[in-house]
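Asker: Structure: work03.txt, compact mmCIF, C-alpha atoms and all ligand atoms.
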```
# COMPACT_ATOMS: atom_id res chain seq x y z
CA MET A 1 142.80 71.52 84.95
CA ASN A 2 146.49 72.16 84.26
CA LEU A 3 148.74 73.83 86.80
CA HIS A 4 148.80 77.21 85.06
CA ILE A 5 145.01 77.43 84.94
CA LEU A 6 144.80 76.23 88.53
CA ILE A 7 147.17 78.98 89.71
CA VAL A 8 145.31 81.72 87.79
CA PHE A 9 142.04 80.35 89.06
CA SER A 10 143.17 80.19 92.70
CA ILE A 11 144.55 83.71 92.67
CA LEU A 12 141.51 85.16 91.00
CA VAL A 13 138.86 83.48 93.07
CA ALA A 14 140.41 85.47 95.90
CA SER A 15 140.59 88.53 93.67
CA SER A 16 139.76 92.10 94.54
CA TYR A 17 140.29 95.40 92.78
CA ALA A 18 143.91 94.72 93.69
CA ASN A 19 143.95 92.11 90.92
CA THR A 20 144.98 94.97 88.65
CA ILE A 21 148.29 94.90 90.54
CA GLU A 22 148.84 91.26 89.61
CA PHE A 23 147.43 91.54 86.08
CA ASP A 24 146.75 94.27 83.56
CA TYR A 25 143.14 93.12 83.36
CA CYS A 26 140.79 90.40 84.57
CA VAL A 27 138.15 89.71 81.94
CA ALA A 28 135.39 87.84 83.77
CA ASP A 29 134.84 84.19 83.08
CA PRO A 30 131.17 83.76 84.05
CA ALA A 31 131.66 79.99 84.17
CA LEU A 32 133.99 80.40 87.19
CA PRO A 33 132.75 81.26 90.70
CA HIS A 34 131.38 84.78 91.36
CA GLY A 35 132.10 86.24 94.80
CA PRO A 36 131.83 89.54 96.66
CA THR A 37 134.87 90.94 94.88
CA GLY A 38 133.69 90.00 91.40
CA TYR A 39 134.24 87.20 88.92
CA ALA A 40 137.34 85.10 88.44
CA CYS A 41 139.33 85.93 85.28
CA LYS A 42 139.53 84.08 82.07
CA ASP A 43 143.12 83.17 81.22
CA PRO A 44 144.74 86.57 80.41
CA ALA A 45 146.68 84.95 77.57
CA LYS A 46 143.33 84.22 75.89
CA ALA A 47 142.00 87.82 76.01
CA THR A 48 141.18 89.37 72.62
CA SER A 49 140.43 92.87 71.35
CA ASP A 50 136.76 91.92 71.17
CA ASP A 51 136.76 91.40 74.96
CA PHE A 52 137.45 95.11 75.44
CA ALA A 53 134.70 96.42 73.15
CA TYR A 54 130.91 96.33 73.62
CA SER A 55 128.27 97.63 71.20
CA GLY A 56 125.15 96.95 73.27
CA LEU A 57 124.59 100.62 74.06
CA ARG A 58 123.92 101.44 70.40
CA THR A 59 120.47 100.01 71.10
CA PRO A 60 118.12 102.36 73.00
CA GLY A 61 116.40 101.08 76.13
CA ASN A 62 112.82 99.86 75.69
CA THR A 63 110.55 102.70 76.89
CA SER A 64 107.24 100.80 76.46
CA ASN A 65 106.42 100.78 80.17
CA ILE A 66 104.62 102.80 82.80
CA PHE A 67 107.61 105.13 83.41
CA LYS A 68 108.39 105.61 79.66
CA PHE A 69 111.98 104.78 80.54
CA GLY A 70 114.35 102.13 79.24
CA ALA A 71 117.94 101.21 80.06
CA SER A 72 120.62 99.45 78.03
CA LEU A 73 123.17 97.96 80.37
CA GLY A 74 126.95 98.01 80.11
CA LEU A 75 127.65 96.26 83.41
CA VAL A 76 130.04 93.37 84.04
CA ALA A 77 127.30 90.86 83.17
CA GLN A 78 127.03 92.30 79.65
CA PHE A 79 130.65 93.47 79.29
CA PRO A 80 132.93 91.02 81.16
CA ALA A 81 136.09 93.11 80.65
CA LEU A 82 134.77 95.54 83.31
CA ASN A 83 135.42 92.91 85.97
CA GLY A 84 137.72 94.26 88.69
CA LEU A 85 138.02 97.71 87.10
CA GLY A 86 135.55 99.52 89.38
CA ILE A 87 133.55 101.09 86.54
CA SER A 88 130.46 100.49 84.38
CA ILE A 89 127.95 102.40 82.27
CA VAL A 90 124.26 102.38 81.41
CA ARG A 91 122.38 104.14 78.62
CA GLY A 92 119.03 105.61 79.73
CA ASP A 93 116.29 106.59 77.28
CA MET A 94 113.19 108.51 78.32
CA ASP A 95 110.23 109.30 76.07
CA VAL A 96 108.66 112.74 76.30
CA GLY A 97 107.13 112.92 79.79
CA GLY A 98 109.08 109.87 80.94
CA ALA A 99 110.97 109.43 84.20
CA VAL A 100 113.60 107.26 85.83
CA PRO A 101 111.77 106.23 89.01
CA LEU A 102 113.24 106.93 92.45
CA HIS A 103 116.00 104.37 93.05
CA THR A 104 119.37 103.70 94.67
CA HIS A 105 122.71 102.04 93.86
CA ARG A 106 125.55 100.82 96.05
CA VAL A 107 128.02 103.26 94.48
CA SER A 108 128.57 106.74 93.00
CA GLU A 109 127.00 107.67 89.66
CA LEU A 110 127.99 110.33 87.12
CA ILE A 111 125.52 111.12 84.33
CA VAL A 112 126.03 112.98 81.07
CA ILE A 113 123.09 114.18 78.99
CA VAL A 114 123.52 113.49 75.28
CA GLU A 115 120.00 114.35 74.05
CA GLY A 116 117.10 116.37 75.42
CA THR A 117 116.38 118.29 78.60
CA ILE A 118 116.01 116.51 81.92
CA ILE A 119 115.76 117.21 85.62
CA ALA A 120 118.14 115.03 87.63
CA GLY A 121 118.14 114.97 91.40
CA PHE A 122 118.79 113.14 94.62
CA ILE A 123 117.68 113.40 98.25
CA ASP A 124 120.37 113.25 100.92
CA THR A 125 120.18 111.70 104.39
CA ASN A 126 119.17 115.10 105.82
CA ASN A 127 116.13 114.95 103.48
CA THR A 128 117.44 117.84 101.44
CA ALA A 129 116.53 117.51 97.75
CA PHE A 130 119.12 118.57 95.20
CA TYR A 131 117.86 118.79 91.61
CA LYS A 132 118.80 120.61 88.46
CA THR A 133 117.55 121.08 84.90
CA LEU A 134 120.21 119.75 82.54
CA GLU A 135 120.80 120.14 78.81
CA LYS A 136 122.80 118.15 76.28
CA GLY A 137 126.45 118.02 77.40
CA ASP A 138 125.74 118.65 81.08
CA LEU A 139 126.90 116.39 83.93
CA PHE A 140 125.29 115.56 87.27
CA VAL A 141 126.78 113.43 90.05
CA ILE A 142 124.89 111.27 92.53
CA PRO A 143 126.67 110.24 95.74
CA PRO A 144 126.55 106.54 96.70
CA THR A 145 123.38 104.94 98.10
CA LEU A 146 121.18 108.07 97.98
CA GLU A 147 117.69 107.99 96.43
CA HIS A 148 117.71 109.68 93.03
CA PHE A 149 115.70 110.17 89.84
CA GLN A 150 115.56 111.78 86.41
CA VAL A 151 112.58 113.30 84.56
CA ASN A 152 112.40 114.18 80.86
CA VAL A 153 111.01 117.73 80.91
CA GLY A 154 111.87 118.50 77.27
CA LYS A 155 109.90 118.23 74.04
CA ILE A 156 111.96 115.36 72.58
CA PRO A 157 112.99 111.91 73.81
CA SER A 158 116.08 112.15 76.00
CA VAL A 159 119.24 110.07 76.14
CA LEU A 160 121.75 109.98 78.96
CA TYR A 161 124.68 107.81 79.94
CA ALA A 162 125.18 106.99 83.60
CA SER A 163 128.59 105.70 84.70
CA PHE A 164 129.16 103.95 88.01
CA SER A 165 132.09 103.36 90.35
CA SER A 166 131.50 99.60 90.27
CA PRO A 167 131.23 96.99 87.53
CA ASN A 168 127.99 95.86 89.23
CA PRO A 169 126.35 98.90 90.92
CA GLY A 170 123.06 97.17 91.82
CA VAL A 171 119.72 98.97 91.60
CA GLN A 172 116.75 99.17 93.92
CA ILE A 173 113.66 101.00 92.62
CA ILE A 174 111.51 102.20 95.52
CA SER A 175 108.11 101.64 93.80
CA ASN A 176 109.06 98.18 92.63
CA SER A 177 110.39 97.15 96.04
CA LEU A 178 107.15 98.20 97.69
CA PHE A 179 104.56 97.22 95.11
CA GLN A 180 106.10 94.32 93.17
CA SER A 181 106.76 92.32 96.32
CA ASP A 182 104.47 90.16 98.46
CA LEU A 183 104.92 92.39 101.53
CA PRO A 184 101.37 92.57 102.94
CA THR A 185 99.37 95.78 102.36
CA GLU A 186 98.85 96.15 106.14
CA ILE A 187 102.62 96.24 106.70
CA ILE A 188 103.20 98.67 103.83
CA GLN A 189 100.44 100.86 105.27
CA LYS A 190 102.16 100.84 108.67
CA ILE A 191 105.63 101.59 107.36
CA THR A 192 104.67 104.24 104.75
CA LEU A 193 101.32 105.69 105.99
CA LEU A 194 100.02 105.25 102.43
CA ASP A 195 96.31 104.61 102.01
CA PRO A 196 95.58 100.83 101.70
CA ALA A 197 93.45 101.41 98.57
CA GLN A 198 96.37 103.20 96.92
CA ILE A 199 98.75 100.40 97.95
CA LYS A 200 96.43 97.76 96.45
CA LYS A 201 96.08 99.81 93.28
CA LEU A 202 99.86 100.08 92.90
CA LYS A 203 100.31 96.37 93.68
CA ARG A 204 97.98 95.65 90.75
CA VAL A 205 100.07 97.97 88.51
CA PHE A 206 103.45 96.48 89.57
CA GLY A 207 102.35 92.87 90.02
CA GLY A 208 102.71 92.58 93.80
CA THR A 209 100.48 90.35 95.93
CA ASN A 210 98.94 90.50 99.43
C1 LIG A 301 109.35 96.55 74.67
O1 LIG A 301 108.65 96.17 75.84
C2 LIG A 301 107.30 95.82 75.58
C3 LIG A 301 106.60 95.61 76.92
O2 LIG A 301 107.31 94.69 77.73
C4 LIG A 301 107.27 94.58 74.71
O3 LIG A 301 105.94 94.22 74.41
C5 LIG A 301 108.01 94.90 73.39
O4 LIG A 301 108.11 93.73 72.62
C6 LIG A 301 109.42 95.42 73.68
N1 LIG A 301 110.01 95.88 72.44
C7 LIG A 301 111.22 95.49 72.06
C8 LIG A 301 111.72 96.09 70.79
O5 LIG A 301 111.88 94.69 72.69
C1 LIG A 302 119.52 119.82 107.09
O1 LIG A 302 118.28 120.35 106.65
C2 LIG A 302 117.86 121.51 107.34
C3 LIG A 302 116.51 121.93 106.75
O2 LIG A 302 115.62 120.88 106.77
C4 LIG A 302 118.88 122.62 107.18
O3 LIG A 302 118.49 123.73 107.96
C5 LIG A 302 120.25 122.12 107.61
O4 LIG A 302 121.22 123.12 107.33
C6 LIG A 302 120.61 120.85 106.89
N1 LIG A 302 121.88 120.34 107.38
C7 LIG A 302 122.84 119.94 106.56
C8 LIG A 302 124.06 119.40 107.21
O5 LIG A 302 122.74 119.98 105.35
```
As structure tokens, how would this structure be written, given the file I've shared?

Answerer:
Amino acid sequence: MNLHILIVFSILVASSYANTIEFDYCVADPALPHGPTGYACKDPAKATSDDFAYSGLRTPGNTSNIFKFGASLGLVAQFPALNGLGISIVRGDMDVGGAVPLHTHRVSELIVIVEGTIIAGFIDTNNTAFYKTLEKGDLFVIPPTLEHFQVNVGKIPSVLYASFSSPNPGVQIISNSLFQSDLPTEIIQKITLLDPAQIKKLKRVFGGTN
């Protein structure tokens, strides 16, 4: 490792969003260590125009699943130039009658509807539900960490783009966390008051055990 690379590497392993003060950009090098503040940068002198473009969202998400929902991801893992920039984007496709199941992220989310009619909503920590029917061109914002969802209530498949205030917003889907895990049915019953037969049924659907 030559001195120049070593210096870039050392600075960027300790990088934060503040790395934009030291550099114009910090295209992730996934081969270098990944820490709480993101990835280390590839050598800025080696960045190319291709690093700053990503075509993966031309492809719709795969909706062949129980929710009739599919996502195409434009997060730092797919689009390394997002590293350190505090932003990312996902394309969400819903078939007619489809839904984005109740889920959370670590950060804020702003969605724009580009096709169809959907209901988007979230539930705040006071258990107040906010939801709205949205048409093509409309925006909806979801504050960080709150449980939220979308439902296609139109007569055609819907498309939306969801942007995030992090290159790696994380996602936790409530149904999957409960029913795809090996958390025992007795515990889930205690902590949700759901009927054990319903829990076992959903564990079979989602692939959970116990
Ligand atoms: C979509 O997902 C289904 C179910 O996992 C799978 O069988 C199918 O091959 C996928 N289609 C595409 C185009 O990837
Ligand atoms: C919390 O919800 C209750 C109704 O359940 C409402 O009366 C109250 O104004 C809400 N508080 C806030 C801060 O939104």

Asker: Out of A:Gly61, A:Ser49, A:Pro44, A:Pro80, which residue has the shortest atom-to-atom distance to Asp29 of chain A when counting all atoms listed in the file?

Answerer: A:Pro80

Asker: Can you tell me which residues sit at most 9 Å away from ligand LIG 302 (chain A), counting all atoms listed in the file, written as a VMD selection string?

Answerer: chain A and resid 124 to 128

Asker: Can you tell me how far atom CA of His103 of chain A sits from atom CA of Gly154 of chain A, in Å to one decimal?

Answerer: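 Calculated distance between atom CA of His103 of chain A and atom CA of Gly154 of chain A is 21.6 Å.
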
Asker: Show me the residues around (101.0, 97.2, 98.2) - criterion: an atom at most 7 Å away, all atoms listed in the file counted - as a ChimeraX atom specification.

Answerer: /A:178-179,184-185,188,199-200,202-203,208

Asker: So how far away is atom CA of Val141 of chain A from atom CA of Val107 of chain A, in Å?

Answerer: 11.2 Å

Asker: Residues within 12 Å of segment 131-137 of chain A, please, as a PyMOL selection string. Count only C-alpha atoms; anything in the same chain fewer than 6 positions from it doesn't count.

Answerer: chain A and resi 111-124+147-154+156-161

Asker: If you count all atoms listed in the file, which residues fall within 12 Å of Lys46 of chain A, apart from same-chain ones fewer than 5 positions away, as a short mmCIF file (atom, residue, chain, number, x, y, z; two decimals) with C-alpha atoms, keeping the file's coordinate frame?

Answerer:
```cif
data_model
loop_
_atom_site.label_atom_id
_atom_site.label_comp_id
_atom_site.auth_asym_id
_atom_site.auth_seq_id
_atom_site.Cartn_x
_atom_site.Cartn_y
_atom_site.Cartn_z
CA ILE A 5 145.01 77.43 84.94
CA TYR A 25 143.14 93.12 83.36
CA CYS A 26 140.79 90.40 84.57
CA VAL A 27 138.15 89.71 81.94
CA ALA A 28 135.39 87.84 83.77
CA ASP A 29 134.84 84.19 83.08
CA CYS A 41 139.33 85.93 85.28
CA ASP A 51 136.76 91.40 74.96
#
```

Asker: Once 8 Å is added on each side, what are the centre and the three edge lengths, in Å to one decimal, of the axis-aligned box enclosing the listed atoms of ligand LIG 301 (chain A)? Present them as AutoDock Vina command-line options.

Answerer:
```
--center_x 108.9 --center_y 95.1 --center_z 74.3 --size_x 21.9 --size_y 18.8 --size_z 22.9
```

Asker: Could the residues of chain A that have an atom at most 8 Å from ligand LIG 301 (chain A) be listed as a Markdown table, each with its closest atom pair and the distance in Å to one decimal, counting only C-alpha atoms and all ligand atoms and ordered by chain and ascending residue number?

Answerer:
```
| residue | atom | partner | partner_atom | distance |
| --- | --- | --- | --- | --- |
| A:Asn62 | CA | A:LIG301 | C1 | 4.9 |
| A:Thr63 | CA | A:LIG301 | C1 | 6.6 |
| A:Ser64 | CA | A:LIG301 | O1 | 4.9 |
| A:Asn65 | CA | A:LIG301 | C3 | 6.1 |
```

Asker: Output as a CSV table (one decimal), in the coordinates of the input: segment 132-151 of chain A, completed with N, CA, C and O atoms.

Answerer:
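Writing the result to rebuild-v6.csv gives the following:
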```csv
chain,number,residue,atom,x,y,z
A,132,LYS,N,118.3,119.6,89.4
A,132,LYS,CA,118.8,120.6,88.5
A,132,LYS,C,118.3,120.3,87.1
A,132,LYS,O,118.3,119.1,86.7
A,133,THR,N,117.9,121.3,86.3
A,133,THR,CA,117.6,121.1,84.9
A,133,THR,C,118.8,121.0,84.1
A,133,THR,O,119.7,121.9,84.2
A,134,LEU,N,119.0,120.0,83.3
A,134,LEU,CA,120.2,119.8,82.5
A,134,LEU,C,119.9,119.7,81.0
A,134,LEU,O,118.9,119.2,80.6
A,135,GLU,N,120.9,120.2,80.3
A,135,GLU,CA,120.8,120.1,78.8
A,135,GLU,C,121.9,119.2,78.3
A,135,GLU,O,122.9,118.9,79.0
A,136,LYS,N,121.8,118.9,77.0
A,136,LYS,CA,122.8,118.2,76.3
A,136,LYS,C,124.2,118.6,76.7
A,136,LYS,O,124.5,119.8,76.6
A,137,GLY,N,125.1,117.7,77.0
A,137,GLY,CA,126.4,118.0,77.4
A,137,GLY,C,126.7,118.2,78.9
A,137,GLY,O,127.8,118.2,79.3
A,138,ASP,N,125.6,118.4,79.6
A,138,ASP,CA,125.7,118.6,81.1
A,138,ASP,C,126.0,117.4,81.9
A,138,ASP,O,125.5,116.3,81.5
A,139,LEU,N,126.6,117.5,83.0
A,139,LEU,CA,126.9,116.4,83.9
A,139,LEU,C,126.1,116.6,85.2
A,139,LEU,O,125.8,117.7,85.6
A,140,PHE,N,125.9,115.5,85.9
A,140,PHE,CA,125.3,115.6,87.3
A,140,PHE,C,125.8,114.3,88.0
A,140,PHE,O,125.9,113.3,87.4
A,141,VAL,N,126.2,114.5,89.3
A,141,VAL,CA,126.8,113.4,90.0
A,141,VAL,C,125.9,113.1,91.2
A,141,VAL,O,125.3,114.0,91.8
A,142,ILE,N,125.8,111.8,91.5
A,142,ILE,CA,124.9,111.3,92.5
A,142,ILE,C,125.8,110.5,93.5
A,142,ILE,O,126.4,109.5,93.1
A,143,PRO,N,125.9,110.9,94.7
A,143,PRO,CA,126.7,110.2,95.7
A,143,PRO,C,126.1,108.8,96.0
A,143,PRO,O,124.9,108.6,95.8
A,144,PRO,N,127.0,107.9,96.5
A,144,PRO,CA,126.6,106.5,96.7
A,144,PRO,C,125.4,106.4,97.6
A,144,PRO,O,125.2,107.1,98.6
A,145,THR,N,124.5,105.5,97.3
A,145,THR,CA,123.4,104.9,98.1
A,145,THR,C,122.2,105.9,98.2
A,145,THR,O,121.1,105.5,98.7
A,146,LEU,N,122.3,107.1,97.8
A,146,LEU,CA,121.2,108.1,98.0
A,146,LEU,C,120.1,107.8,96.9
A,146,LEU,O,120.3,107.5,95.8
A,147,GLU,N,118.8,108.1,97.3
A,147,GLU,CA,117.7,108.0,96.4
A,147,GLU,C,117.8,109.1,95.4
A,147,GLU,O,118.0,110.3,95.7
A,148,HIS,N,117.6,108.7,94.1
A,148,HIS,CA,117.7,109.7,93.0
A,148,HIS,C,116.8,109.3,91.9
A,148,HIS,O,116.2,108.3,91.8
A,149,PHE,N,116.7,110.3,90.9
A,149,PHE,CA,115.7,110.2,89.8
A,149,PHE,C,116.1,111.1,88.7
A,149,PHE,O,117.0,111.9,88.8
A,150,GLN,N,115.5,110.9,87.5
A,150,GLN,CA,115.6,111.8,86.4
A,150,GLN,C,114.2,111.9,85.8
A,150,GLN,O,113.4,110.9,85.8
A,151,VAL,N,113.9,113.1,85.2
A,151,VAL,CA,112.6,113.3,84.6
A,151,VAL,C,112.9,114.0,83.2
A,151,VAL,O,113.6,115.0,83.2
```
